[in-house]
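Undergrad: Below are the structure tokens for one structure; questions will follow.
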Amino acid sequence: MVEKRKLIGTDEPAFYELAQYAFNKPDSAKRQEFFKQLYTHSAGFGVFDDGRLASGLLATPFDVRLNGQTFNKMSGIGYVASYPEFAGKGGIAALMQLAFEHMRAEGVTLSYLAPFSYGFYRRFGYEQTFDQTHFEIQTADLPRLKFAPSAG
């Protein structure tokens with residue numbers, strides 16, 4: 001049986017496990033604490049298959065300033081993940097729909113995400129809105145600093 005719903009506090013360990021698997025990050029007490037804080041301050045959504053979390057995402061509220069205007073309600077979508085055996089079965093689309101319904105009910109006016117694929121998220125209405133500039137500076141072009149010998 002497949003169930004789609006908002007996540008609750010007791011779902012945190014299963015979502016952490018999914019995130020660890022999907023993003024291949026080393027486990028540590030520091031990472032666990034960071035994730036706990038993020039999870040606590042986010043709205044999480046999950047697809048469960050026979051009671052097991054199969055796919056999930058977090059919608060984290062932020063205040064942003066865009067073109068001189070402050071938006072107190074922006075939702076950052078992140079930790080979008082599925083176990084491989086559930087990928088391609090519509091779980092992420094269902095979660096995005098749940099997240100959009102939640103955002104609409106909360107009066108959220110903007111939503112950002114950092115996509116792994118612009119094409120994938122474009123179908124949900126996301127588009128690249130910020131340019132990213134990459135600079136490379138040769139070491140030889142950096143100023144040389146002279147250090148005074150330490151006293152003592």
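By order of appearance in the structure tokens: chains A, B, ..., then residues from 1 within every chain, and ligands from 1 in the order shown.
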Applying 8 Å and only C-alpha atoms, which residues near region 97-111 of chain A remain after dropping the ones on its own chain fewer than 6 positions away? List them as an MDAnalysis selection string.
TA: chainID A and resid 5:6 45 59 71 73:77
Undergrad: Identify all residues of region 58-110 of chain A in strand (DSSP E) (DSSP on the backbone) and supply them as a PDB file with N, CA, C and O atoms, in the first residue's frame.
TA:
ATOM      1  N   LEU A  58      12.111  18.016   1.873  1.00  0.00           N
ATOM      2  CA  LEU A  58      11.889  19.022   2.908  1.00  0.00           C
ATOM      3  C   LEU A  58      11.604  20.363   2.251  1.00  0.00           C
ATOM      4  O   LEU A  58      12.221  20.716   1.246  1.00  0.00           O
ATOM      5  N   ALA A  59      10.666  21.100   2.833  1.00  0.00           N
ATOM      6  CA  ALA A  59      10.358  22.469   2.417  1.00  0.00           C
ATOM      7  C   ALA A  59      10.673  23.360   3.613  1.00  0.00           C
ATOM      8  O   ALA A  59       9.970  23.318   4.619  1.00  0.00           O
ATOM      9  N   THR A  60      11.743  24.138   3.502  1.00  0.00           N
ATOM     10  CA  THR A  60      12.240  24.931   4.616  1.00  0.00           C
ATOM     11  C   THR A  60      11.898  26.403   4.412  1.00  0.00           C
ATOM     12  O   THR A  60      12.235  26.970   3.374  1.00  0.00           O
ATOM     13  N   PRO A  61      11.234  27.023   5.393  1.00  0.00           N
ATOM     14  CA  PRO A  61      10.870  28.438   5.241  1.00  0.00           C
ATOM     15  C   PRO A  61      12.064  29.371   5.457  1.00  0.00           C
ATOM     16  O   PRO A  61      12.898  29.130   6.323  1.00  0.00           O
ATOM     17  N   PHE A  62      12.113  30.406   4.634  1.00  0.00           N
ATOM     18  CA  PHE A  62      13.141  31.435   4.723  1.00  0.00           C
ATOM     19  C   PHE A  62      12.509  32.786   4.424  1.00  0.00           C
ATOM     20  O   PHE A  62      11.488  32.863   3.743  1.00  0.00           O
ATOM     21  N   ASP A  63      13.155  33.842   4.898  1.00  0.00           N
ATOM     22  CA  ASP A  63      12.845  35.193   4.452  1.00  0.00           C
ATOM     23  C   ASP A  63      13.894  35.537   3.404  1.00  0.00           C
ATOM     24  O   ASP A  63      15.077  35.240   3.593  1.00  0.00           O
ATOM     25  N   VAL A  64      13.471  36.150   2.294  1.00  0.00           N
ATOM     26  CA  VAL A  64      14.420  36.534   1.253  1.00  0.00           C
ATOM     27  C   VAL A  64      14.154  37.957   0.804  1.00  0.00           C
ATOM     28  O   VAL A  64      13.047  38.467   0.935  1.00  0.00           O
ATOM     29  N   ARG A  65      15.176  38.560   0.264  1.00  0.00           N
ATOM     30  CA  ARG A  65      15.054  39.892  -0.310  1.00  0.00           C
ATOM     31  C   ARG A  65      15.365  39.748  -1.794  1.00  0.00           C
ATOM     32  O   ARG A  65      16.445  39.295  -2.169  1.00  0.00           O
ATOM     33  N   LEU A  66      14.426  40.138  -2.623  1.00  0.00           N
ATOM     34  CA  LEU A  66      14.552  39.994  -4.067  1.00  0.00           C
ATOM     35  C   LEU A  66      14.163  41.306  -4.723  1.00  0.00           C
ATOM     36  O   LEU A  66      13.054  41.800  -4.502  1.00  0.00           O
ATOM     37  N   GLN A  69      12.683  43.953  -2.517  1.00  0.00           N
ATOM     38  CA  GLN A  69      11.458  43.628  -1.776  1.00  0.00           C
ATOM     39  C   GLN A  69      11.704  42.412  -0.889  1.00  0.00           C
ATOM     40  O   GLN A  69      12.296  41.425  -1.326  1.00  0.00           O
ATOM     41  N   THR A  70      11.250  42.496   0.356  1.00  0.00           N
ATOM     42  CA  THR A  70      11.392  41.378   1.285  1.00  0.00           C
ATOM     43  C   THR A  70      10.172  40.464   1.186  1.00  0.00           C
ATOM     44  O   THR A  70       9.035  40.931   1.214  1.00  0.00           O
ATOM     45  N   PHE A  71      10.442  39.187   1.047  1.00  0.00           N
ATOM     46  CA  PHE A  71       9.392  38.169   1.042  1.00  0.00           C
ATOM     47  C   PHE A  71       9.568  37.351   2.315  1.00  0.00           C
ATOM     48  O   PHE A  71      10.587  36.696   2.496  1.00  0.00           O
ATOM     49  N   ASN A  72       8.594  37.434   3.197  1.00  0.00           N
ATOM     50  CA  ASN A  72       8.672  36.717   4.467  1.00  0.00           C
ATOM     51  C   ASN A  72       8.296  35.257   4.333  1.00  0.00           C
ATOM     52  O   ASN A  72       8.433  34.507   5.280  1.00  0.00           O
ATOM     53  N   LYS A  73       7.811  34.904   3.188  1.00  0.00           N
ATOM     54  CA  LYS A  73       7.406  33.515   3.012  1.00  0.00           C
ATOM     55  C   LYS A  73       8.022  32.973   1.735  1.00  0.00           C
ATOM     56  O   LYS A  73       7.531  33.188   0.643  1.00  0.00           O
ATOM     57  N   MET A  74       9.158  32.312   1.890  1.00  0.00           N
ATOM     58  CA  MET A  74       9.799  31.602   0.798  1.00  0.00           C
ATOM     59  C   MET A  74      10.069  30.198   1.299  1.00  0.00           C
ATOM     60  O   MET A  74      10.432  30.009   2.450  1.00  0.00           O
ATOM     61  N   SER A  75       9.863  29.226   0.447  1.00  0.00           N
ATOM     62  CA  SER A  75      10.084  27.843   0.840  1.00  0.00           C
ATOM     63  C   SER A  75      11.198  27.259  -0.015  1.00  0.00           C
ATOM     64  O   SER A  75      11.077  27.189  -1.235  1.00  0.00           O
ATOM     65  N   GLY A  76      12.285  26.877   0.650  1.00  0.00           N
ATOM     66  CA  GLY A  76      13.398  26.239  -0.036  1.00  0.00           C
ATOM     67  C   GLY A  76      13.182  24.733  -0.059  1.00  0.00           C
ATOM     68  O   GLY A  76      13.042  24.099   0.977  1.00  0.00           O
ATOM     69  N   ILE A  77      13.125  24.179  -1.252  1.00  0.00           N
ATOM     70  CA  ILE A  77      12.921  22.732  -1.411  1.00  0.00           C
ATOM     71  C   ILE A  77      14.284  22.051  -1.425  1.00  0.00           C
ATOM     72  O   ILE A  77      15.178  22.453  -2.166  1.00  0.00           O
ATOM     73  N   GLY A  78      14.438  21.041  -0.603  1.00  0.00           N
ATOM     74  CA  GLY A  78      15.708  20.342  -0.533  1.00  0.00           C
ATOM     75  C   GLY A  78      15.556  18.915  -0.046  1.00  0.00           C
ATOM     76  O   GLY A  78      14.470  18.485   0.316  1.00  0.00           O
ATOM     77  N   TYR A  79      16.677  18.232  -0.057  1.00  0.00           N
ATOM     78  CA  TYR A  79      16.722  16.821   0.362  1.00  0.00           C
ATOM     79  C   TYR A  79      15.683  15.987  -0.389  1.00  0.00           C
ATOM     80  O   TYR A  79      15.055  15.106   0.185  1.00  0.00           O
ATOM     81  N   VAL A  80      15.517  16.285  -1.662  1.00  0.00           N
ATOM     82  CA  VAL A  80      14.589  15.520  -2.500  1.00  0.00           C
ATOM     83  C   VAL A  80      15.281  14.200  -2.834  1.00  0.00           C
ATOM     84  O   VAL A  80      16.342  14.192  -3.451  1.00  0.00           O
ATOM     85  N   ALA A  81      14.682  13.100  -2.400  1.00  0.00           N
ATOM     86  CA  ALA A  81      15.370  11.813  -2.535  1.00  0.00           C
ATOM     87  C   ALA A  81      14.389  10.653  -2.623  1.00  0.00           C
ATOM     88  O   ALA A  81      13.293  10.707  -2.066  1.00  0.00           O
ATOM     89  N   SER A  82      14.821   9.622  -3.330  1.00  0.00           N
ATOM     90  CA  SER A  82      14.094   8.347  -3.402  1.00  0.00           C
ATOM     91  C   SER A  82      15.099   7.216  -3.360  1.00  0.00           C
ATOM     92  O   SER A  82      16.219   7.358  -3.862  1.00  0.00           O
ATOM     93  N   LEU A 110       7.117  32.480  -2.795  1.00  0.00           N
ATOM     94  CA  LEU A 110       8.284  32.085  -3.583  1.00  0.00           C
ATOM     95  C   LEU A 110       8.782  30.724  -3.121  1.00  0.00           C
ATOM     96  O   LEU A 110       8.639  30.362  -1.958  1.00  0.00           O
TER      97      LEU A 110
END
Undergrad: Figure out the distance between CA of Thr10 (chain A) and CA of Leu113 (chain A), please, to one decimal in Å.
TA: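 So the answer is 25.4 Å.
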Undergrad: Using CA of Val2 (chain A) and CA of Asp50 (chain A) as the two end points, give the distance in Å to one decimal.
TA: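 Taking CA of Val2 (chain A) and CA of Asp50 (chain A), their separation equals 6.3 Å.
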Undergrad: Write out as a ChimeraX atom specification the residues lying within 9 Å of Pro84 (chain A), counting only C-alpha atoms and excluding same-chain residues fewer than 2 positions away.
TA: /A:22,54,82,86-88
Undergrad: What is the distance between CA of Met1 (chain A) and CA of Asp49 (chain A), in Å to one decimal?
TA: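 If I compute the distance from CA of Met1 (chain A) to CA of Asp49 (chain A), I get 5.8 Å.
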Undergrad: I need the residue nearest Phe15 (chain A) from this list: A:Ser55, A:Glu33, A:Thr40, A:Ala114. Use only C-alpha atoms for the distance.
TA: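 So, comparing all the options, the nearest one is A:Ser55.
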